[in-house]
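See below for the structure under consideration.
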Amino acid sequence: MAAICAILCSARGTTDMLTRRFESPVGGSDKSASLPADVDLASAADFRIGLLHAQPSSLHLQFEETKATLEPRVMQALLALATARGTVVSRDGLVNLCWSGRAVSEDAINRCIAKVRRIGSQSRAFEIETIPRVGYRLIERHEAAGAARKSKRRARWSLVGLALLVITLAGLLWTWRAPAEPTAPPIAVANFTALNADADAKLYADSVSTSLSSALVATGASLVSRDRPVRSLEDARRAGAALLINGTVRRQGDTIQITAAVDSTRTGTTVLTKDFEAPIADAGALPDRVAGALASTLWVWIADSRIERDPAVNEGILRIADSWGSLKSRGLARDLARAKPNSAAAQADFAWITADTLSQIPSEQRIGALAAARESARRATKLRSQFGYILPCILTPPSVPSADCDQALRRAVRSDPEPPFTSYLFAVQLAESGRLRDAGTVISGALSQAPYHSVPLSFRMFTLQMERPPDYRNELPAMRALAQRYAPDALKDVNQYRAAVANGDLDAAEAILDDPVAGQRIASNDDRALVKTLFRAIRSRQPSDISTARSGCLPAPLKWGPTDPIFGTCLVGLTLLGDLDGTFAVAQHYWDVECCAAAQLEERWRASGGLTYPTLELFGSAMAPARADRRFIEVARRTGLLAYWKSGYPPDFCLFERVPVCALFRSH
């Protein structure tokens, strides 16, 4: 599971280059509960239900002699239901409270409620009553037990009754002894230190510690109790923390500079450091941005530590995640895989990162690199079957949507209704096959685990803009506000550029391209000039502009080498110009996945470094004229999409467009 973090540990990842592919209504019969607008665990007060004592900020529970640590989502649900004692909380209310209103599967809600029920059963403090088609109600155990005790005193013990009692007690004993949900070791957050006497520096030092604690809890971390202040590594060790986060804040002239460090209490060494800087005028948002960046990186460690019990592996993966996408990170992953051959996470990480960096590996070394990666993938799958998607989805050319990959990913996601990593990869695969509704639902799984991470934030905004569901005008602004606060880069990245282009929103696309930082990240100067010419031609309809744009998108075949996402921009731009001949000429540069024998396809894939053109732009509203053309069937065939759609996974556009390609599999 660890390795899939790769695609979330880099703001570029799959879609930034040529790729491999709650106040919510609460009802009762005569009353309603007033619940908070969202369940903020970091600031929530401790509460009791009978003998059960819960501390939301640290995710800790205690009843009798038993102590437990809950998953953040389970603690949120317990807090929401406890706040509304005796009153029904609807399923929609729970989604708004615990998942910030994001789309979430029925399985995820059921799984969360099942865990809350288990707590009630183990602690004998409460029961959760299901109100069919309405929601759930928390009932303290003594309320439900009073009438039952009177009835039992009048009842005679029969043999059947005794047998039932024995069975019930056996069930309770089994539940009591059921293993606790896997949780990550606690993290200690020390107060950041202001390095000068400047009042602004002290203010930001206090703010960043508070913001960071809230972001970490929302990301699934268990924090050392606020009753135990931590000032040093030794304090963190005594508190039982595995990691200590500390840092400094300095005012330097007109800027605020923040340095954050993550230290291992096991070794006493610094695992990673991050530096942040902003002008005083803009520094008010800096603490939240620091919190978002650190929580996003530490999400990898939090998720892995729930399953991987070797701290050395988890610390190693954290180091790898901090430099993901480089040959340095591949070297770290290779060393970790060799040192930890029985760690599924270490093996999967190495397989993943090799595929991600294949184009950087010298061509003569790629055969050996792929062989090693595939062996690690097989070993990871043997150690943990959830990794079974790596080979068919990541390490098999040409990494396009396929029935085998789809099934492997579905099995991985089904093993955990809220998968922290696989959901992003699955969402990309679904989006690249035109199944944007499913992609939006799946990416919400990743976002619920890493709510401040720029990659799932950006991709959820992408799916909203492409699909435009009935409530997208409410959800999209909420996503943008979240990104603006914690991950502003998500608002100006390649996903947002793609969505704007695919929907024909040239002004929005151009604004992103004109951003000094985002523009350089998306395209070279020459490519930006081509896009400017193409957009000008679409607006002016002047023959000279159209001719220049067409020749830029259709150079001589031997000189063809458009970068992504300019390739997709040409597809959409020529379609908007009504030049469908040009559109389909550009589309000829998609790989023909049926071109040749498997060995030849492998050789071609390896020679290209595993790079292929994504198909995301094909499914925007601007490409509707091209989809209505019979030549689109050939595009679908050569990209492998037609075979995938025929296997039982048709694209969304076939629900409302009567186009030739859809007639080929409507009967399937």
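Each chain in the structure tokens gets a letter, A, B, ..., in the order shown, and its residues are numbered from 1; ligands are numbered from 1 in order too.
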DSSP-assigned strand (DSSP E) among stretch 259-315 of chain A, expressed as a list in words:
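Strand (DSSP E) members of stretch 259-315 of chain A, listed: Thr259, Ala260, Ala261, Val262, Asp263, Ser264, Thr270, Val271, Leu272, Thr273, Lys274, Asp275, Phe276, Glu277, Ala278 and Pro279 of chain A.
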Next, the residues of the selection above should be written as an mmCIF file, in the first residue's frame with C-alpha atoms.
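So out_12.cif came out as:
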```
data_model
loop_
_atom_site.group_PDB
_atom_site.id
_atom_site.type_symbol
_atom_site.label_atom_id
_atom_site.label_comp_id
_atom_site.auth_asym_id
_atom_site.auth_seq_id
_atom_site.Cartn_x
_atom_site.Cartn_y
_atom_site.Cartn_z
ATOM 1 C CA THR A 259 11.796 25.703 8.914
ATOM 2 C CA ALA A 260 10.095 22.485 9.990
ATOM 3 C CA ALA A 261 11.880 19.261 10.964
ATOM 4 C CA VAL A 262 10.594 15.732 11.491
ATOM 5 C CA ASP A 263 12.803 13.767 13.906
ATOM 6 C CA SER A 264 12.785 10.069 14.716
ATOM 7 C CA THR A 270 16.162 14.135 11.443
ATOM 8 C CA VAL A 271 14.132 12.266 8.838
ATOM 9 C CA LEU A 272 13.277 15.325 6.759
ATOM 10 C CA THR A 273 13.202 19.108 6.813
ATOM 11 C CA LYS A 274 11.125 21.611 4.866
ATOM 12 C CA ASP A 275 11.621 25.352 4.404
ATOM 13 C CA PHE A 276 8.865 27.883 3.762
ATOM 14 C CA GLU A 277 8.961 31.617 3.129
ATOM 15 C CA ALA A 278 6.456 34.357 2.376
ATOM 16 C CA PRO A 279 6.382 38.175 2.394
#
```
So that I can see what lies close to A:Thr130, please list as JSON, numbers by chain the residues with an atom at most 10 Å from it, counting only C-alpha atoms and leaving out residues fewer than 3 positions away in the same chain.
{"A": [88, 89, 90, 113, 127, 133, 134, 135, 136, 137, 138]}
How close does stretch 584-638 of chain A get to stretch 419-441 of chain A? List, as JSON lines, each residue of stretch 584-638 of chain A within 9 Å, its nearest atom pair and the distance in Å to one decimal, counting only C-alpha atoms.
```
{"residue": "A:Pro614", "atom": "CA", "partner": "A:Glu432", "partner_atom": "CA", "distance": 6.8}
{"residue": "A:Thr615", "atom": "CA", "partner": "A:Glu432", "partner_atom": "CA", "distance": 5.3}
{"residue": "A:Leu616", "atom": "CA", "partner": "A:Glu432", "partner_atom": "CA", "distance": 4.9}
{"residue": "A:Glu617", "atom": "CA", "partner": "A:Glu432", "partner_atom": "CA", "distance": 8.5}
{"residue": "A:Leu618", "atom": "CA", "partner": "A:Gly434", "partner_atom": "CA", "distance": 7.9}
{"residue": "A:Phe619", "atom": "CA", "partner": "A:Gly434", "partner_atom": "CA", "distance": 5.8}
```
State, in Å with one decimal place, the distance from atom CA of A:Gly292 to atom CA of A:Gly247.
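Rounded to one decimal, the two atoms are 15.2 Å apart.
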Using only C-alpha atoms: which of A:Arg237, A:Thr69, A:Ala346, A:Arg309 has the shortest distance to A:Ala221:
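With only C-alpha atoms as the atom set, the closest residue is A:Thr69.
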Which of A:Ile280, A:Leu534, A:Ala215, A:Ala369 sits closest to A:Thr255 [using only C-alpha atoms]:
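Residue with the minimum atom-to-atom distance to A:Thr255: A:Ile280.
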Which polymer residues have any atom within 10 Å of an atom of stretch 311-315 of chain A, counting only C-alpha atoms, with same-chain residues fewer than 4 positions away left out, as an NGL selection string?
:A and (2 or 185 or 242-243 or 263-264 or 266-267 or 271-272 or 300-305 or 307 or 319-321 or 336-337 or 339-340 or 343-346)
Residues near A:Thr66, anyone? I mean within 10 Å using only C-alpha atoms, not counting same-chain ones fewer than 2 positions away, as a VMD selection string.
chain A and resid 52 61 to 64 68 122 to 123
Could you pull out the helix (DSSP H, G or I) residues of stretch 429-634 of chain A, going by DSSP on the backbone, and write them as an MDAnalysis selection string?
chainID A and resid 429:432 436:449 454:467 472:486 488:491 494:502 506:514 516:522 525:540 543:553 557:559 566:576 580:587 598:607 616:619 621:627 631:634
Let's have the selection written as a tab-separated table (two decimals), in the first residue's frame, with C-alpha atoms.
```tsv
chain	number	residue	atom	x	y	z
A	429	GLN	CA	-7.46	5.07	-14.79
A	430	LEU	CA	-11.22	5.64	-14.67
A	431	ALA	CA	-10.90	9.23	-15.86
A	432	GLU	CA	-8.60	8.18	-18.70
A	436	LEU	CA	-15.56	10.47	-14.79
A	437	ARG	CA	-18.46	9.87	-12.39
A	438	ASP	CA	-16.77	6.80	-10.98
A	439	ALA	CA	-13.43	8.60	-10.94
A	440	GLY	CA	-14.92	11.42	-8.83
A	441	THR	CA	-16.33	8.98	-6.30
A	442	VAL	CA	-13.10	7.04	-6.05
A	443	ILE	CA	-10.81	10.07	-5.71
A	444	SER	CA	-12.92	11.19	-2.76
A	445	GLY	CA	-11.56	8.11	-0.96
A	446	ALA	CA	-8.01	9.43	-1.27
A	447	LEU	CA	-9.14	12.95	-0.38
A	448	SER	CA	-10.88	11.74	2.79
A	449	GLN	CA	-7.53	10.30	3.89
A	454	SER	CA	-2.60	19.06	-3.54
A	455	VAL	CA	-2.80	16.04	-5.87
A	456	PRO	CA	-6.16	14.50	-4.79
A	457	LEU	CA	-7.52	18.03	-4.25
A	458	SER	CA	-6.57	19.00	-7.77
A	459	PHE	CA	-7.85	15.78	-9.31
A	460	ARG	CA	-11.19	16.02	-7.51
A	461	MET	CA	-11.57	19.55	-8.87
A	462	PHE	CA	-10.71	18.17	-12.31
A	463	THR	CA	-13.39	15.45	-12.16
A	464	LEU	CA	-15.96	17.99	-10.93
A	465	GLN	CA	-15.22	20.35	-13.81
A	466	MET	CA	-15.28	17.55	-16.37
A	467	GLU	CA	-18.38	15.74	-15.08
A	472	TYR	CA	-20.70	20.76	-8.48
A	473	ARG	CA	-21.40	24.50	-8.11
A	474	ASN	CA	-21.39	23.94	-4.34
A	475	GLU	CA	-18.64	21.35	-4.06
A	476	LEU	CA	-16.18	22.97	-6.44
A	477	PRO	CA	-15.97	26.30	-4.54
A	478	ALA	CA	-15.49	24.34	-1.31
A	479	MET	CA	-12.63	22.40	-2.88
A	480	ARG	CA	-11.07	25.60	-4.21
A	481	ALA	CA	-11.31	27.30	-0.82
A	482	LEU	CA	-9.62	24.32	0.80
A	483	ALA	CA	-6.87	24.37	-1.78
A	484	GLN	CA	-6.40	28.13	-1.47
A	485	ARG	CA	-5.86	27.71	2.27
A	486	TYR	CA	-3.68	24.62	2.39
A	488	PRO	CA	-2.59	26.82	-3.46
A	489	ASP	CA	-0.48	25.07	-6.10
A	490	ALA	CA	-3.45	22.74	-6.69
A	491	LEU	CA	-5.36	25.68	-8.21
A	494	VAL	CA	-1.80	20.75	-15.08
A	495	ASN	CA	-5.11	19.17	-13.96
A	496	GLN	CA	-6.80	22.57	-13.81
A	497	TYR	CA	-5.28	23.51	-17.16
A	498	ARG	CA	-6.54	20.26	-18.69
A	499	ALA	CA	-10.06	20.78	-17.38
A	500	ALA	CA	-10.19	24.33	-18.75
A	501	VAL	CA	-8.94	23.24	-22.18
A	502	ALA	CA	-11.17	20.16	-22.38
A	506	LEU	CA	-9.72	29.36	-23.04
A	507	ASP	CA	-9.60	32.32	-20.62
A	508	ALA	CA	-9.13	30.03	-17.61
A	509	ALA	CA	-6.53	27.92	-19.41
A	510	GLU	CA	-4.60	31.00	-20.52
A	511	ALA	CA	-4.64	32.47	-17.00
A	512	ILE	CA	-2.96	29.34	-15.65
A	513	LEU	CA	-0.46	29.28	-18.50
A	514	ASP	CA	0.39	32.98	-17.89
A	516	PRO	CA	4.96	32.76	-13.87
A	517	VAL	CA	5.38	29.55	-11.88
A	518	ALA	CA	2.57	27.36	-13.20
A	519	GLY	CA	3.25	28.25	-16.82
A	520	GLN	CA	6.86	27.11	-16.64
A	521	ARG	CA	5.77	23.91	-14.96
A	522	ILE	CA	3.17	23.10	-17.61
A	525	ASN	CA	8.36	28.74	-23.88
A	526	ASP	CA	7.94	27.34	-27.41
A	527	ASP	CA	4.93	25.26	-26.42
A	528	ARG	CA	3.32	28.22	-24.64
A	529	ALA	CA	3.80	30.28	-27.80
A	530	LEU	CA	2.06	27.54	-29.82
A	531	VAL	CA	-0.85	27.49	-27.37
A	532	LYS	CA	-1.15	31.28	-27.56
A	533	THR	CA	-1.30	31.06	-31.36
A	534	LEU	CA	-3.90	28.29	-31.20
A	535	PHE	CA	-6.10	30.23	-28.76
A	536	ARG	CA	-5.79	33.37	-30.87
A	537	ALA	CA	-6.88	31.43	-33.95
A	538	ILE	CA	-9.93	30.04	-32.14
A	539	ARG	CA	-10.95	33.55	-31.11
A	540	SER	CA	-10.11	35.42	-34.34
A	543	PRO	CA	-7.01	32.18	-41.89
A	544	SER	CA	-3.40	33.15	-41.15
A	545	ASP	CA	-3.76	32.37	-37.45
A	546	ILE	CA	-5.47	29.06	-38.22
A	547	SER	CA	-2.75	28.06	-40.67
A	548	THR	CA	0.03	28.87	-38.19
A	549	ALA	CA	-1.70	26.99	-35.39
A	550	ARG	CA	-2.36	23.96	-37.58
A	551	SER	CA	1.23	23.74	-38.77
A	552	GLY	CA	2.43	24.00	-35.18
A	553	CYS	CA	0.23	21.13	-34.11
A	557	PRO	CA	6.22	13.17	-38.58
A	558	LEU	CA	9.94	12.71	-38.01
A	559	LYS	CA	10.04	15.97	-36.06
A	566	ILE	CA	0.21	20.49	-25.37
A	567	PHE	CA	-0.72	17.31	-27.27
A	568	GLY	CA	-4.19	17.39	-25.69
A	569	THR	CA	-4.43	21.14	-26.28
A	570	CYS	CA	-3.89	20.56	-30.01
A	571	LEU	CA	-6.58	17.87	-30.09
A	572	VAL	CA	-9.11	20.19	-28.46
A	573	GLY	CA	-7.98	23.34	-30.27
A	574	LEU	CA	-8.26	21.88	-33.74
A	575	THR	CA	-11.67	20.46	-32.86
A	576	LEU	CA	-12.84	23.91	-31.72
A	580	LEU	CA	-11.49	17.45	-37.54
A	581	ASP	CA	-9.01	16.24	-40.15
A	582	GLY	CA	-6.31	17.92	-38.12
A	583	THR	CA	-7.72	16.51	-34.89
A	584	PHE	CA	-7.54	12.94	-36.12
A	585	ALA	CA	-4.12	13.50	-37.67
A	586	VAL	CA	-2.83	14.52	-34.21
A	587	ALA	CA	-4.61	11.52	-32.66
A	598	ALA	CA	3.87	-8.32	-26.95
A	599	ALA	CA	7.67	-8.41	-27.14
A	600	GLN	CA	7.74	-5.61	-29.70
A	601	LEU	CA	5.29	-3.52	-27.70
A	602	GLU	CA	7.46	-4.06	-24.61
A	603	GLU	CA	10.56	-2.97	-26.50
A	604	ARG	CA	8.86	0.17	-27.78
A	605	TRP	CA	7.49	0.99	-24.32
A	606	ARG	CA	10.87	0.45	-22.73
A	607	ALA	CA	12.65	2.59	-25.34
A	616	LEU	CA	-8.13	12.76	-20.47
A	617	GLU	CA	-8.87	15.59	-22.92
A	618	LEU	CA	-10.91	13.27	-25.17
A	619	PHE	CA	-13.85	13.38	-22.74
A	621	SER	CA	-17.39	18.98	-23.70
A	622	ALA	CA	-15.21	20.62	-26.36
A	623	MET	CA	-14.41	17.24	-27.95
A	624	ALA	CA	-18.07	16.29	-28.58
A	625	PRO	CA	-17.80	16.95	-32.38
A	626	ALA	CA	-14.83	14.58	-32.60
A	627	ARG	CA	-16.61	11.87	-30.62
A	631	ARG	CA	-12.99	8.20	-37.02
A	632	PHE	CA	-13.19	8.37	-33.21
A	633	ILE	CA	-13.67	4.59	-33.30
A	634	GLU	CA	-10.11	4.22	-34.58
```
Just give me the gap between atom CA of A:Ser647 and atom CA of A:Pro392 in Å, one decimal is fine.
16.0 Å
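By chain and then residue number, the residues within 9 Å of A:Ser402 are Pro392, Cys393, Asp406, Gln407, Gln429, Gly640, Leu641, Ala643, Tyr644, Trp645 and Ser647 of chain A, counting only C-alpha atoms and disregarding those fewer than 4 positions away in sequence.
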Between atom CA of A:Asp356 and atom CA of A:Gly325, what is the distance in Å, rounded to a tenth?
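So the two atoms, atom CA of A:Asp356 and atom CA of A:Gly325, lie 6.4 Å apart.
Those residues that approach A:Lys202 to within 12 Å, counting only C-alpha atoms, are Asn191, Phe192, Thr193, Ala194, Leu195, Asn196, Ala197, Asp198, Asp206, Ser207, Val208, Ser209, Thr248, Val249, Arg250, Arg251, Ile256, Gln257 and Ile258 of chain A; same-chain residues fewer than 4 positions away are not listed.
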Pull N, CA and C atoms from the residues just selected and write them as a compact mmCIF listing (two decimals), in the first residue's frame.
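Below is the file selection.txt, written as the result:
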```txt
# COMPACT_ATOMS: atom_id res chain seq x y z
N ASN A 191 6.00 23.10 20.19
CA ASN A 191 5.78 24.49 19.82
C ASN A 191 6.97 24.97 18.98
N PHE A 192 6.70 25.61 17.86
CA PHE A 192 7.78 26.15 17.05
C PHE A 192 8.44 27.32 17.79
N THR A 193 9.71 27.53 17.55
CA THR A 193 10.49 28.54 18.27
C THR A 193 10.69 29.78 17.41
N ALA A 194 10.37 30.94 17.96
CA ALA A 194 10.65 32.20 17.27
C ALA A 194 12.11 32.56 17.52
N LEU A 195 12.88 32.72 16.47
CA LEU A 195 14.31 32.96 16.60
C LEU A 195 14.66 34.42 16.87
N ASN A 196 13.70 35.32 16.75
CA ASN A 196 13.96 36.71 17.12
C ASN A 196 12.79 37.22 17.94
N ALA A 197 12.95 38.38 18.53
CA ALA A 197 11.96 38.91 19.46
C ALA A 197 10.80 39.58 18.75
N ASP A 198 10.79 39.50 17.45
CA ASP A 198 9.74 40.12 16.66
C ASP A 198 8.38 39.52 16.99
N ASP A 206 3.35 30.30 17.11
CA ASP A 206 2.20 29.71 17.81
C ASP A 206 1.18 29.17 16.80
N SER A 207 0.97 29.92 15.73
CA SER A 207 -0.05 29.54 14.75
C SER A 207 0.30 28.27 14.00
N VAL A 208 1.57 28.11 13.63
CA VAL A 208 1.92 26.96 12.82
C VAL A 208 1.78 25.67 13.61
N SER A 209 2.09 25.68 14.92
CA SER A 209 1.93 24.47 15.73
C SER A 209 0.46 24.08 15.83
N THR A 248 11.43 26.25 13.55
CA THR A 248 11.75 27.63 13.90
C THR A 248 11.04 28.60 12.98
N VAL A 249 10.83 29.81 13.50
CA VAL A 249 10.23 30.89 12.72
C VAL A 249 11.12 32.11 12.88
N ARG A 250 11.45 32.73 11.77
CA ARG A 250 12.30 33.92 11.81
C ARG A 250 11.71 34.99 10.90
N ARG A 251 11.77 36.23 11.40
CA ARG A 251 11.45 37.35 10.50
C ARG A 251 12.76 37.87 9.94
N ILE A 256 8.74 36.26 6.30
CA ILE A 256 8.68 35.29 7.40
C ILE A 256 9.22 33.98 6.86
N GLN A 257 10.19 33.41 7.56
CA GLN A 257 10.81 32.15 7.16
C GLN A 257 10.52 31.09 8.21
N ILE A 258 10.02 29.96 7.77
CA ILE A 258 9.69 28.86 8.67
C ILE A 258 10.46 27.62 8.23
```
Between A:Leu391, A:Leu244, A:Asp200, A:Thr396, single out the one closest to A:Ala283, counting only C-alpha atoms.
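Closest candidate: A:Asp200.
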Among the residues A:Trp352, A:Ser232, A:Glu71, A:Ile131, the one that comes closest to A:Arg111 [using only C-alpha atoms]
A:Glu71
